[in-house]
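One file, target-v2.cif, carrying mmCIF, C-alpha atoms:
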data_input
#
loop_
_atom_site.label_atom_id
_atom_site.label_comp_id
_atom_site.auth_asym_id
_atom_site.auth_seq_id
_atom_site.Cartn_x
_atom_site.Cartn_y
_atom_site.Cartn_z
CA MET A 1 -16.13 -18.02 22.44
CA PRO A 2 -12.99 -17.73 20.28
CA GLN A 3 -12.65 -14.74 18.00
CA LYS A 4 -10.70 -14.37 14.77
CA VAL A 5 -8.41 -11.37 14.63
CA ILE A 6 -7.25 -10.44 11.15
CA THR A 7 -5.20 -7.82 9.38
CA ILE A 8 -6.33 -6.66 5.97
CA GLY A 9 -3.84 -6.09 3.18
CA TYR A 10 -4.50 -3.61 0.39
CA ARG A 11 -2.21 -3.16 -2.60
CA LYS A 12 -2.61 0.28 -4.18
CA ILE A 13 -1.00 0.48 -7.62
CA ILE A 14 -0.02 3.91 -8.91
CA ASP A 15 1.11 4.62 -12.45
CA ASP A 16 0.86 7.23 -15.17
CA SER A 17 -2.87 6.56 -15.62
CA SER A 18 -3.72 7.41 -11.99
CA LEU A 19 -6.26 10.21 -11.86
CA ASN A 20 -6.49 11.67 -8.37
CA HIS A 21 -4.05 14.35 -7.23
CA TRP A 22 -2.62 12.39 -4.30
CA ASP A 23 -1.73 9.48 -6.60
CA LYS A 24 -0.16 11.85 -9.13
CA PHE A 25 2.04 13.41 -6.45
CA ILE A 26 3.18 9.93 -5.34
CA HIS A 27 3.86 9.00 -8.96
CA GLU A 28 5.87 12.12 -9.77
CA ASP A 29 7.84 12.35 -6.53
CA SER A 30 8.71 8.65 -6.43
CA PHE A 31 9.88 8.86 -10.06
CA LEU A 32 12.16 11.81 -9.28
CA GLU A 33 13.53 9.95 -6.24
CA PHE A 34 14.03 6.83 -8.36
CA GLN A 35 16.03 8.84 -10.90
CA MET A 36 18.21 10.24 -8.15
CA GLN A 37 18.67 7.07 -6.06
CA SER A 38 19.28 4.80 -9.05
CA GLN A 39 22.47 6.76 -9.77
CA LEU A 40 24.05 5.02 -6.76
CA PHE A 41 23.70 1.68 -8.53
CA ASN A 42 24.24 2.88 -12.09
CA GLN A 43 27.29 5.13 -11.98
CA GLU A 44 28.44 3.97 -15.40
CA GLU A 45 24.95 4.70 -16.80
CA LYS A 46 24.69 1.24 -18.35
CA TYR A 47 21.05 0.61 -17.36
CA ASN A 48 17.87 2.54 -17.96
CA THR A 49 15.20 0.39 -16.33
CA PHE A 50 14.51 -0.84 -12.84
CA ALA A 51 14.40 -4.41 -14.17
CA GLU A 52 17.89 -4.07 -15.66
CA LEU A 53 19.21 -2.74 -12.37
CA ILE A 54 17.66 -5.60 -10.39
CA LEU A 55 19.07 -8.20 -12.79
CA ASN A 56 22.58 -6.76 -12.95
CA VAL A 57 23.28 -4.96 -9.68
CA PRO A 58 22.95 -7.10 -6.52
CA GLU A 59 22.30 -4.14 -4.18
CA ALA A 60 19.61 -2.54 -6.40
CA ASP A 61 16.75 -4.12 -4.45
CA LYS A 62 17.46 -1.41 -1.84
CA LEU A 63 15.79 1.05 -4.23
CA HIS A 64 12.35 0.09 -2.88
CA PHE A 65 13.35 1.38 0.55
CA LEU A 66 15.40 4.34 -0.67
CA VAL A 67 12.64 5.65 -2.94
CA SER A 68 9.98 5.19 -0.24
CA ALA A 69 11.42 8.21 1.60
CA ALA A 70 9.86 10.44 -1.08
CA ILE A 71 6.33 9.35 -0.21
CA THR A 72 6.25 9.22 3.59
CA GLY A 73 4.91 12.77 3.86
CA TYR A 74 2.00 11.86 1.62
CA LEU A 75 1.23 8.83 3.79
CA ARG A 76 0.98 11.09 6.84
CA GLN A 77 -1.76 13.02 5.03
CA LEU A 78 -3.93 9.89 5.21
CA ASN A 79 -4.14 10.24 9.02
CA GLY A 80 -3.63 6.51 9.46
CA ILE A 81 -6.59 5.46 7.29
CA ILE A 82 -6.14 3.22 4.24
CA PRO A 83 -7.22 5.12 1.09
CA ASP A 84 -9.81 3.84 -1.40
CA ILE A 85 -11.26 1.18 0.92
CA LEU A 86 -14.82 2.01 1.96
CA ASP A 87 -17.35 0.20 4.08
CA ASN A 88 -20.79 -0.49 2.62
CA LEU A 89 -21.93 2.96 3.79
CA GLY A 90 -19.24 4.64 1.71
CA ARG A 91 -16.96 5.62 4.63
CA LYS A 92 -13.20 5.22 4.89
CA PHE A 93 -12.70 3.30 8.12
CA LEU A 94 -9.76 0.91 7.93
CA PRO A 95 -6.76 2.08 9.99
CA PHE A 96 -3.26 1.02 8.98
CA GLU A 97 -0.12 0.66 11.03
CA ASN A 98 2.33 -0.59 8.42
CA PHE A 99 3.04 -0.18 4.74
CA LYS A 100 5.54 -1.45 2.23
CA PHE A 101 6.53 0.55 -0.84
CA GLU A 102 7.40 -1.33 -4.00
CA ILE A 103 8.73 -0.28 -7.38
CA ILE A 104 7.00 -2.42 -9.99
CA ASN A 105 8.59 -0.90 -13.08
CA SER A 106 10.47 2.22 -14.04
CA ASP A 107 12.69 3.75 -16.68
CA ILE A 108 14.94 6.65 -15.69
CA ASN A 109 14.16 8.36 -19.01
CA ASP A 110 10.38 7.86 -19.15
CA ILE A 111 7.96 8.74 -16.34
CA GLU A 112 5.17 6.98 -18.25
CA GLN A 113 6.91 3.66 -17.51
CA HIS A 114 7.07 4.35 -13.78
CA LYS A 115 4.73 2.12 -11.78
CA VAL A 116 4.74 1.63 -8.00
CA ALA A 117 2.65 -0.07 -5.34
CA ILE A 118 1.96 0.81 -1.75
CA ASN A 119 0.99 -2.23 0.28
CA PHE A 120 -1.05 -1.19 3.32
CA PHE A 121 -1.54 -3.48 6.33
CA SER A 122 -4.42 -2.69 8.65
CA LYS A 123 -4.45 -2.61 12.38
CA PRO A 124 -5.96 -5.79 13.87
CA MET A 125 -9.68 -6.21 13.28
CA ILE A 126 -12.14 -8.74 14.69
CA TRP A 127 -13.75 -10.79 11.95
CA HIS A 128 -17.26 -11.52 13.23
CA ASP A 129 -18.81 -13.14 10.18
CA SER A 130 -18.94 -13.29 6.39
CA LEU A 131 -22.03 -12.28 4.45
CA HIS A 132 -21.69 -13.22 0.79
CA HIS A 133 -18.76 -11.06 -0.44
CA TYR A 134 -18.63 -8.97 2.73
CA LEU A 135 -16.65 -9.27 5.95
CA LEU A 136 -18.30 -8.04 9.14
CA LEU A 137 -15.47 -6.35 11.07
CA SER A 138 -14.87 -4.28 14.16
CA PRO A 139 -11.69 -2.78 15.60
CA TYR A 140 -9.78 -5.16 17.85
CA SER A 141 -9.60 -4.19 21.49
CA GLU A 142 -8.35 -6.22 24.42
CA VAL A 143 -11.02 -4.54 26.55
CA THR A 144 -14.38 -6.30 26.36
CA GLN A 145 -17.22 -3.94 25.52
CA PRO A 146 -20.96 -4.63 25.79
CA GLU A 147 -21.62 -3.13 22.36
CA VAL A 148 -19.29 -3.04 19.36
CA PHE A 149 -19.72 -0.90 16.25
CA THR A 150 -19.07 -2.78 13.04
CA HIS A 151 -18.25 -2.23 9.38
CA LEU A 152 -19.15 -4.32 6.36
CA LEU A 153 -16.17 -4.56 3.99
CA GLN A 154 -16.76 -5.87 0.50
CA ILE A 155 -13.99 -8.11 -0.78
CA GLN A 156 -12.60 -6.48 -3.91
CA PRO A 157 -9.52 -6.68 -6.12
CA PHE A 158 -6.23 -5.95 -4.32
CA VAL A 159 -7.83 -6.48 -0.86
CA SER A 160 -7.11 -9.63 1.09
CA ILE A 161 -6.84 -11.07 4.56
CA HIS A 162 -3.14 -10.65 5.25
CA SER A 163 -3.00 -12.54 8.56
CA ILE A 164 -5.34 -14.32 10.91
CA LYS A 165 -5.20 -15.60 14.46
CA THR A 166 -7.75 -17.05 16.85
CA ILE A 167 -7.89 -15.65 20.37
#
Starting from the coordinates I provided, produce the structure as structure tokens.
Amino acid sequence: MPQKVITIGYRKIIDDSSLNHWDKFIHEDSFLEFQMQSQLFNQEEKYNTFAELILNVPEADKLHFLVSAAITGYLRQLNGIIPDILDNLGRKFLPFENFKFEIINSDINDIEQHKVAINFFSKPMIWHDSLHHYLLLSPYSEVTQPEVFTHLLQIQPFVSIHSIKTI
């Protein structure tokens, strides 16, 4: 019987209103790194915002990658598990193998304007079934097992099926 293997995408947005400590560290450290790295593209100090840099300096889109270096240590603290996403029993369970850091908005003079996103992409999961707003998932393994432990994941804002394939 064919199975559907999916990866889940989760977009975590972090800004000045973020409340937990981990988010605040990401916010502050990525802002400081943005201030520093943006100097490469703004040596004449003509632009204050990320949007101005993107519109006027062709190479400025590299800032996403350059600023991401400031947060990689914090991502290691997650031990490979996507934050905030819980199964219906309240457990964090969804492993990730890739992420993409994105600057949404920033102003070199105002940390309150700094807004970033971390896009997490899960390891492959088997999608067994859908139950209302829930996906019944289990970790993908090429080894067939007689019994598989599952998780029910409620579809929620900023969570989506990133990719799908039938095997």
**Report entry** Nearest candidate to Val148 (chain A) (options A:Ile26, A:His128, A:Pro95, A:His21; using all atoms listed in the file)
**Finding:**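 Among the listed residues, the smallest separation from Val148 (chain A) belongs to A:His128.
Shortest atom-to-atom contact with Gly9 (chain A) among A:Thr166, A:Asn88, A:Thr144, A:Ser122: A:Ser122, counting only C-alpha atoms.
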**Report entry** Residues matched by the PyMOL selection byres ((chain A and resi 70-79) around 7), written as a PyMOL selection string
**Finding:** chain A and resi 26+29-30+33+67-69+80-81
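Our summary of the geometry notes that CA of Met125 (chain A) is positioned 28.9 Å from CA of Ile104 (chain A).
Atom to atom, CA of Lys165 (chain A) and CA of Asp87 (chain A) stand 22.5 Å apart.
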Requested in this report: Pick out the closest residue to Asp23 (chain A) from this set: A:Lys115, A:Val57, A:Leu66, A:Leu40. Count only C-alpha atoms.
Outcome: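 Going through A:Lys115, A:Val57, A:Leu66, A:Leu40 one by one, the smallest distance to Asp23 (chain A) is for A:Lys115.
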Requested in this report: Determine the nearest neighbour of Tyr134 (chain A) from the options A:Ile118, A:Phe149, A:Val159, A:Glu112, counting all atoms listed in the file.
Outcome: A:Val159
Could you write out as a JSON list (two decimals) with C-alpha atoms, in the frame of the given file the residues that the PyMOL selection byres ((chain A and resi 39) around 12) matches in the shown file?
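Below is the file that was written, selection-v6.json:
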[["chain", "number", "residue", "atom", "x", "y", "z"],
["A", 32, "LEU", "CA", 12.16, 11.81, -9.28],
["A", 33, "GLU", "CA", 13.53, 9.95, -6.24],
["A", 34, "PHE", "CA", 14.03, 6.83, -8.36],
["A", 35, "GLN", "CA", 16.03, 8.84, -10.90],
["A", 36, "MET", "CA", 18.21, 10.24, -8.15],
["A", 37, "GLN", "CA", 18.67, 7.07, -6.06],
["A", 38, "SER", "CA", 19.28, 4.80, -9.05],
["A", 40, "LEU", "CA", 24.05, 5.02, -6.76],
["A", 41, "PHE", "CA", 23.70, 1.68, -8.53],
["A", 42, "ASN", "CA", 24.24, 2.88, -12.09],
["A", 43, "GLN", "CA", 27.29, 5.13, -11.98],
["A", 44, "GLU", "CA", 28.44, 3.97, -15.40],
["A", 45, "GLU", "CA", 24.95, 4.70, -16.80],
["A", 46, "LYS", "CA", 24.69, 1.24, -18.35],
["A", 47, "TYR", "CA", 21.05, 0.61, -17.36],
["A", 48, "ASN", "CA", 17.87, 2.54, -17.96],
["A", 49, "THR", "CA", 15.20, 0.39, -16.33],
["A", 50, "PHE", "CA", 14.51, -0.84, -12.84],
["A", 53, "LEU", "CA", 19.21, -2.74, -12.37],
["A", 57, "VAL", "CA", 23.28, -4.96, -9.68],
["A", 60, "ALA", "CA", 19.61, -2.54, -6.40],
["A", 63, "LEU", "CA", 15.79, 1.05, -4.23],
["A", 66, "LEU", "CA", 15.40, 4.34, -0.67],
["A", 108, "ILE", "CA", 14.94, 6.65, -15.69]]
Query - Chain and number of each residue from the PyMOL selection byres ((chain A and resi 163) around 10), as a count of residues only - result: 13
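The residue set within 9 Å of Ile126 (chain A), counting only C-alpha atoms and dropping same-chain residues fewer than 4 places from it, reads A:Gln3, A:Lys4, A:Val5, A:Ile6, A:Thr7, A:Leu136, A:Leu137, A:Ser138, A:Pro139, A:Tyr140, A:Ser141.
We find CA of Glu28 (chain A) and CA of Gln113 (chain A) to be spaced 11.5 Å apart.
Comparing A:Lys100, A:Tyr10, A:Met1, A:Asp107 by their smallest distance to Ile155 (chain A), the closest is A:Tyr10 (using all atoms listed in the file).
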Let me know the centre plus edge lengths, in Å and rounded to one decimal, of a box with edges along x, y and z that contains all listed atoms of region 129-146 of chain A and is padded by 5 Å on every side, as AutoDock Vina command-line options.
--center_x -15.2 --center_y -8.0 --center_z 13.1 --size_x 23.7 --size_y 20.5 --size_z 37.0
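Between Ile14 (chain A) and the candidates A:Asn109, A:Asn119, A:Ser130, A:Asn98, the tightest atom-to-atom separation, counting all atoms listed in the file, involves A:Asn119.
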